[in-house]
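J.: Take a look at the following structure, please.
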Amino acid sequence: MYNTGYECFTPDVPAELNNCREAIMVWAVGGEEFVNMPNDAGISLGTDDDVKYLMFQMHYENKDSKEMVDRSGLKIWYTPTLRQHDMGTLVVGADMTATQIIPPQSIFTTYGICHSECTKQHITEAGGLHMFSYFLHSHLLGRQVRVRRIRDGAQIDWLGKDENYDFNYQQTRIFANETVLLPGDMLVTECGLDSSDRDNVTFGGLSTYNEMCLAFLNYYPRMKMVWCFSHVSPQLQATVLDNHADVKIDDNGTVLSPDSHRGESFTELFWSAQWNADRAARLQKVQTTAPHTYSCEYMNNTIIKIKSMALPFPKYTQLSIQDSVCSRKERVTATSTAPSHNRVSTTQLISIMMLASVFRTAALH
C-alpha cells in the first residue's frame with residue numbers, strides 16, 4: 001500500500017499508519033534472528049481479522065545528522081499449511097511516555113503493571129494463554145529487567161528476568177517450558193536503572209537517551225489485548241518538589257501553577273528542580289505508594305482505563321532474587337570485547353528496536 005518511508009510520528013505519516021499498534025516482531029541491538037514459533041502456532045494471514053499490511057518501523061541514532069543509506073531489511077517465512085493456533089504478542093511494562101521520571105545520580109527502579117483486571121477481562125480462553133518466548137527491553141540506564149507474575153496476592157514465578165541487562169545484547173529468549181497465563185494474573189515489570197552519569201532527570205520516551213521498561217511476551221492463542229501498562233501521574237510525582245502544595249498539573253501535562261511555571265510542560269518543571277539523594281529517594285517511594293493509572297489496549301486501538309482509572313499500587317509477596325549479580329567491574333570485563341554504545345557507528349541501527357506492527361480492519365473509521 002505504501003512503498004515510501006516516512007519519519008515516524010510526524011504529520012507526513014499517513015493517518016492509517018499511525019493506527020498500527022500490535023507488535024508482531026521485535027529486534028534490538030545485539031539480537032540474533034527472530035526466534036522460530038512453536039510448530040502448532042503462527043501469525044495468521046488471510047482472514048478478516050488478520051494483517052492487511054505491515055509497518056516496518058526502524059529507530060536510529062544519528063547525533064551528527066550525517067547522510068547515510070540503510071539497506072537492511074526483514075524476511076518473513078510463511079507456510080500454506082494452516083497451524084492450529086494464532087499467536088500474539090502482549091507488551092507489558094511502564095507507559096512509554098515522559099511520565100516515567102528517573103532522577104539523576106541515582107540507583108532507581110521503575111515499575112510498570114499489567115493489572116489483574118486487564119487479564120481478567122481479555123483472557124477468555126478456558127485454558128489461558130500459552131507463553132513460549134519473551135523479549136526484555138530498557139535503554140542505556142537499564143541494569144536489571146524483571147517480570148513478576150502475581151496470582152492471588154503472591155508471586156508464583158518470573159516471566160523474564162535479567163540481572164545483568166546490557167543494552168548492547170538484546171535477544172528474544174525461549175521459555176524452557178511453555179507457561180500458561182490465566183485470567184486474573186497480574187504482571188509487574190521492574191527495571192533497575194543507574195543514572196550515575198546523568199546530571200539531570202531522564203524521562204521515558206522513544207529516544208535512546210530516554211528510557212523504557214518493557215517486556216514483549218509471545219503466546220498463543222491470540223487475544224484482543226495488545227498493550228498492558230501503567231504510570232504514576234505527573235501530579236502525584238510532583239509531591240517530591242519544593243512547594244509541591246502549590247503545584248497543579250492538568251491531564252495534558254501542562255503546569256497550571258505556580259505562576260512561575262504556568263503554561264510549561266511538567267517535564268520543564270522537573271527539569272528545573274534541584275535534585276539530591278533525599279529527593280530521589282522520595283520519588284522512588286512514590287513509585288510503590290502512589291496510585292497507578294492502569295491501561296489495557298485493544299487491537300482496535302481503543303484505550304480502556306479500568307474502573308476509576310487510578311488504583312492503589314498492588315500488594316503482593318515476592319520471590320527472592322537468587323541469581324548472583326555481577327559487580328560493575330565484572331560486567332565491564334565480561335563485555336569489553338564488544339562495541340559499547342558510545343563506539344557504535346552512526347551508520348548502525350542502535351536504538352530501541354526494529355518493530356513490525358500490524359493494522360487491522362477493525363481500526364478503520
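Ordered as shown in the C-alpha cells, chains take letters A, B, and onward, while each chain numbers its residues from 1 and ligands are numbered from 1 in the order shown.
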I'd like to know which residues of range 52-273 of chain A are strand (DSSP E) (by DSSP, run on the backbone); could you write them as number ranges by chain?

T.: A: 54-58, 85-86, 88-94, 101-102, 107-114, 129-138, 142-151, 154-162, 173-181, 186-194, 202-203, 213-220, 225-231, 248-249, 255-257

J.: Quick one: residues within 12 Å of Ser138 in chain A, only C-alpha atoms, excluding same-chain residues fewer than 4 positions away - as a ChimeraX atom specification?

T.: /A:28-29,93-94,96,109-110,142-146,162,164-170,189-194,204-216,351-353

J.: Can I get the selected residues back with N, CA and C atoms, as a CSV table (one decimal), in the first residue's frame?

T.:
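Here's the written file again-v3.csv:
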```
chain,number,residue,atom,x,y,z
A,28,ALA,N,16.3,-5.8,18.5
A,28,ALA,CA,17.1,-4.6,19.0
A,28,ALA,C,18.6,-5.0,18.9
A,29,VAL,N,19.4,-4.0,19.2
A,29,VAL,CA,20.9,-4.1,19.0
A,29,VAL,C,21.4,-5.3,19.8
A,93,GLY,N,4.5,-3.4,30.8
A,93,GLY,CA,5.5,-2.6,31.4
A,93,GLY,C,5.1,-1.2,31.7
A,94,ALA,N,6.0,-0.2,31.7
A,94,ALA,CA,5.7,1.2,32.1
A,94,ALA,C,5.3,1.9,30.8
A,96,MET,N,5.1,4.3,27.8
A,96,MET,CA,6.3,4.8,27.1
A,96,MET,C,6.2,6.3,26.9
A,109,THR,N,14.5,2.3,40.6
A,109,THR,CA,13.6,1.2,40.0
A,109,THR,C,12.3,1.8,39.5
A,110,THR,N,12.1,1.5,38.2
A,110,THR,CA,10.8,1.8,37.6
A,110,THR,C,9.9,0.6,37.5
A,142,GLY,N,19.4,1.0,31.8
A,142,GLY,CA,19.0,-0.3,32.3
A,142,GLY,C,20.1,-1.2,32.8
A,143,ARG,N,19.9,-1.8,34.0
A,143,ARG,CA,20.8,-2.7,34.6
A,143,ARG,C,20.2,-4.1,34.9
A,144,GLN,N,18.9,-4.0,35.2
A,144,GLN,CA,18.1,-5.2,35.5
A,144,GLN,C,16.7,-5.0,34.9
A,145,VAL,N,16.2,-6.1,34.4
A,145,VAL,CA,14.8,-6.1,33.9
A,145,VAL,C,14.1,-7.4,34.4
A,146,ARG,N,13.0,-7.3,35.1
A,146,ARG,CA,12.3,-8.5,35.6
A,146,ARG,C,10.8,-8.4,35.3
A,162,ASP,N,16.5,-10.7,33.9
A,162,ASP,CA,17.9,-10.5,33.6
A,162,ASP,C,18.5,-9.5,34.6
A,164,ASN,N,21.6,-8.9,34.7
A,164,ASN,CA,22.8,-8.2,34.1
A,164,ASN,C,22.5,-7.7,32.7
A,165,TYR,N,21.4,-6.9,32.7
A,165,TYR,CA,20.9,-6.4,31.4
A,165,TYR,C,21.9,-5.5,30.8
A,166,ASP,N,22.1,-5.7,29.5
A,166,ASP,CA,23.0,-4.9,28.7
A,166,ASP,C,22.4,-4.4,27.4
A,167,PHE,N,22.3,-3.1,27.2
A,167,PHE,CA,21.6,-2.5,26.1
A,167,PHE,C,22.2,-3.1,24.7
A,168,ASN,N,23.5,-3.4,24.7
A,168,ASN,CA,24.1,-3.9,23.5
A,168,ASN,C,23.9,-5.4,23.2
A,169,TYR,N,23.2,-6.1,24.1
A,169,TYR,CA,22.9,-7.5,23.9
A,169,TYR,C,21.4,-7.8,24.2
A,170,GLN,N,20.5,-7.6,23.3
A,170,GLN,CA,19.1,-7.8,23.5
A,170,GLN,C,18.6,-8.9,22.6
A,189,THR,N,6.4,-5.4,35.9
A,189,THR,CA,7.7,-5.3,35.2
A,189,THR,C,8.5,-4.3,36.0
A,190,GLU,N,9.7,-4.7,36.3
A,190,GLU,CA,10.6,-3.8,37.1
A,190,GLU,C,11.9,-3.6,36.3
A,191,CYS,N,12.4,-2.4,36.3
A,191,CYS,CA,13.6,-2.0,35.6
A,191,CYS,C,14.5,-1.3,36.6
A,192,GLY,N,15.7,-2.0,36.9
A,192,GLY,CA,16.7,-1.3,37.7
A,192,GLY,C,17.5,-0.4,36.9
A,193,LEU,N,17.6,0.8,37.2
A,193,LEU,CA,18.3,1.8,36.4
A,193,LEU,C,19.4,2.5,37.2
A,194,ASP,N,20.5,2.9,36.4
A,194,ASP,CA,21.6,3.5,37.0
A,194,ASP,C,21.9,4.9,36.3
A,204,GLY,N,10.9,9.0,30.3
A,204,GLY,CA,10.6,7.9,29.4
A,204,GLY,C,10.3,8.5,28.0
A,205,GLY,N,10.5,7.6,27.0
A,205,GLY,CA,10.3,8.1,25.6
A,205,GLY,C,11.0,7.2,24.6
A,206,LEU,N,10.9,7.6,23.3
A,206,LEU,CA,11.4,6.8,22.2
A,206,LEU,C,12.9,6.9,22.0
A,207,SER,N,13.5,8.0,22.3
A,207,SER,CA,14.9,8.2,22.1
A,207,SER,C,15.8,7.2,22.9
A,208,THR,N,17.0,6.9,22.4
A,208,THR,CA,17.9,6.1,23.1
A,208,THR,C,18.2,6.7,24.5
A,209,TYR,N,18.3,8.0,24.5
A,209,TYR,CA,18.6,8.7,25.8
A,209,TYR,C,17.4,9.0,26.7
A,210,ASN,N,16.2,8.6,26.2
A,210,ASN,CA,15.1,8.5,27.1
A,210,ASN,C,15.1,7.1,27.7
A,211,GLU,N,14.1,6.7,28.4
A,211,GLU,CA,14.1,5.3,29.0
A,211,GLU,C,12.8,4.6,28.6
A,212,MET,N,12.9,3.3,28.7
A,212,MET,CA,11.8,2.4,28.5
A,212,MET,C,11.9,1.3,29.6
A,213,CYS,N,10.8,0.6,29.9
A,213,CYS,CA,10.8,-0.5,30.7
A,213,CYS,C,9.7,-1.4,30.3
A,214,LEU,N,10.0,-2.4,29.4
A,214,LEU,CA,9.0,-3.2,28.7
A,214,LEU,C,9.4,-4.6,28.6
A,215,ALA,N,8.4,-5.5,28.4
A,215,ALA,CA,8.6,-6.9,28.1
A,215,ALA,C,7.6,-7.2,27.0
A,216,PHE,N,8.1,-7.9,25.9
A,216,PHE,CA,7.3,-8.4,24.9
A,216,PHE,C,7.1,-9.9,25.1
A,351,SER,N,19.3,1.9,18.1
A,351,SER,CA,18.3,2.4,19.0
A,351,SER,C,17.3,1.4,19.4
A,352,ILE,N,16.1,1.8,19.8
A,352,ILE,CA,15.3,0.9,20.7
A,352,ILE,C,14.9,-0.4,20.1
A,353,MET,N,14.4,-0.4,18.8
A,353,MET,CA,14.0,-1.7,18.3
A,353,MET,C,13.7,-1.5,16.8
```

J.: Using only C-alpha atoms, which residues of range 23-135 of chain A come within 9 Å of range 227-239 of chain A, and what is the closest atom pair for each, with the distance in Å to one decimal? Give it as JSON lines, sorted by chain and residue number.

T.:
```
{"residue": "A:Thr89", "atom": "CA", "partner": "A:Trp227", "partner_atom": "CA", "distance": 8.7}
{"residue": "A:Leu90", "atom": "CA", "partner": "A:Trp227", "partner_atom": "CA", "distance": 5.8}
{"residue": "A:Val91", "atom": "CA", "partner": "A:Trp227", "partner_atom": "CA", "distance": 4.8}
{"residue": "A:Val92", "atom": "CA", "partner": "A:Cys228", "partner_atom": "CA", "distance": 4.9}
{"residue": "A:Gly93", "atom": "CA", "partner": "A:Phe229", "partner_atom": "CA", "distance": 5.0}
{"residue": "A:Ala94", "atom": "CA", "partner": "A:Phe229", "partner_atom": "CA", "distance": 5.4}
{"residue": "A:Asp95", "atom": "CA", "partner": "A:Ser230", "partner_atom": "CA", "distance": 5.6}
{"residue": "A:Met96", "atom": "CA", "partner": "A:Phe229", "partner_atom": "CA", "distance": 8.9}
{"residue": "A:Thr97", "atom": "CA", "partner": "A:His231", "partner_atom": "CA", "distance": 8.8}
{"residue": "A:Ala98", "atom": "CA", "partner": "A:Pro234", "partner_atom": "CA", "distance": 8.8}
{"residue": "A:Thr99", "atom": "CA", "partner": "A:Pro234", "partner_atom": "CA", "distance": 6.0}
{"residue": "A:Gln100", "atom": "CA", "partner": "A:His231", "partner_atom": "CA", "distance": 7.1}
{"residue": "A:Ile101", "atom": "CA", "partner": "A:Gln237", "partner_atom": "CA", "distance": 8.4}
{"residue": "A:Tyr111", "atom": "CA", "partner": "A:His231", "partner_atom": "CA", "distance": 8.0}
{"residue": "A:Gly112", "atom": "CA", "partner": "A:Ser230", "partner_atom": "CA", "distance": 5.2}
{"residue": "A:Ile113", "atom": "CA", "partner": "A:Ser230", "partner_atom": "CA", "distance": 5.3}
{"residue": "A:Cys114", "atom": "CA", "partner": "A:Cys228", "partner_atom": "CA", "distance": 5.0}
{"residue": "A:His115", "atom": "CA", "partner": "A:Cys228", "partner_atom": "CA", "distance": 7.7}
{"residue": "A:Cys118", "atom": "CA", "partner": "A:Cys228", "partner_atom": "CA", "distance": 7.4}
{"residue": "A:Thr119", "atom": "CA", "partner": "A:Cys228", "partner_atom": "CA", "distance": 8.8}
```

J.: For CA of Ala176 in chain A and CA of Arg21 in chain A, quote the distance in Å rounded to one decimal.

T.: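 The value is 28.7 Å.
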
J.: Could you list, as an MDAnalysis selection string, every residue within 10 Å of Cys8 in chain A, counting only C-alpha atoms and ignoring same-chain residues fewer than 4 positions away?

T.: chainID A and resid 12:13 17:18 57:59

J.: Which of these residues is nearest to Ser257 in chain A, using only C-alpha atoms: A:Thr293, A:Glu16, A:Asn276, A:Ala245?

T.: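 Closest candidate: A:Ala245.
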
J.: Would you kindly return, as a ChimeraX atom specification, each protein, DNA or RNA residue with an atom no farther than 7 Å from any atom of Ile123 in chain A, considering only C-alpha atoms and excluding same-chain residues fewer than 2 positions away?

T.: /A:119-121,125,128,182-183,223

J.: Those selected residues, please, written with C-alpha atoms and delivered as a compact mmCIF listing (two decimals), in the first residue's frame.

T.:
```txt
# COMPACT_ATOMS: atom_id res chain seq x y z
CA THR A 119 -6.10 -10.06 32.11
CA LYS A 120 -9.42 -10.96 33.70
CA GLN A 121 -11.32 -9.05 31.01
CA GLU A 125 -9.68 -18.86 26.50
CA GLY A 128 -5.39 -19.48 29.30
CA LEU A 182 -4.54 -17.18 33.35
CA PRO A 183 -7.34 -14.63 33.71
CA MET A 223 -6.41 -12.38 22.25
```

J.: Have a look at A:Met68, A:Leu129, A:Met37, A:Leu141 and name the one nearest to Arg198 in chain A; count only C-alpha atoms.

T.: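 Using only C-alpha atoms, the shortest distance to Arg198 in chain A belongs to A:Leu141.
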
J.: Kindly indicate which residue among A:Ile102, A:Val69, A:Met299, A:Leu159 lies nearest to Gly88 in chain A, using only C-alpha atoms for the distances.

T.: A:Met299

J.: Pick out the closest residue to Trp27 in chain A from this set: A:Arg173, A:Arg279, A:Lys248, A:Lys285. Count only C-alpha atoms.

T.: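 Closest residue, counting only C-alpha atoms: A:Arg173.
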
J.: Closest to Ala154 in chain A among A:Asp64, A:Ser195, A:Met186, A:Thr254, using only C-alpha atoms?

T.: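 With only C-alpha atoms as the atom set, the closest residue is A:Met186.
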
J.: For CA of His292 in chain A and CA of Leu181 in chain A, quote the distance in Å rounded to one decimal.

T.: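 Interatomic distance, CA of His292 in chain A to CA of Leu181 in chain A: 22.3 Å.
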
J.: Determine the nearest neighbour of Trp275 in chain A from the options A:Pro103, A:Trp158, A:Leu319, A:Gln287, counting only C-alpha atoms.

T.: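 Between A:Pro103, A:Trp158, A:Leu319, A:Gln287, the residue approaching Trp275 in chain A most closely is A:Pro103.
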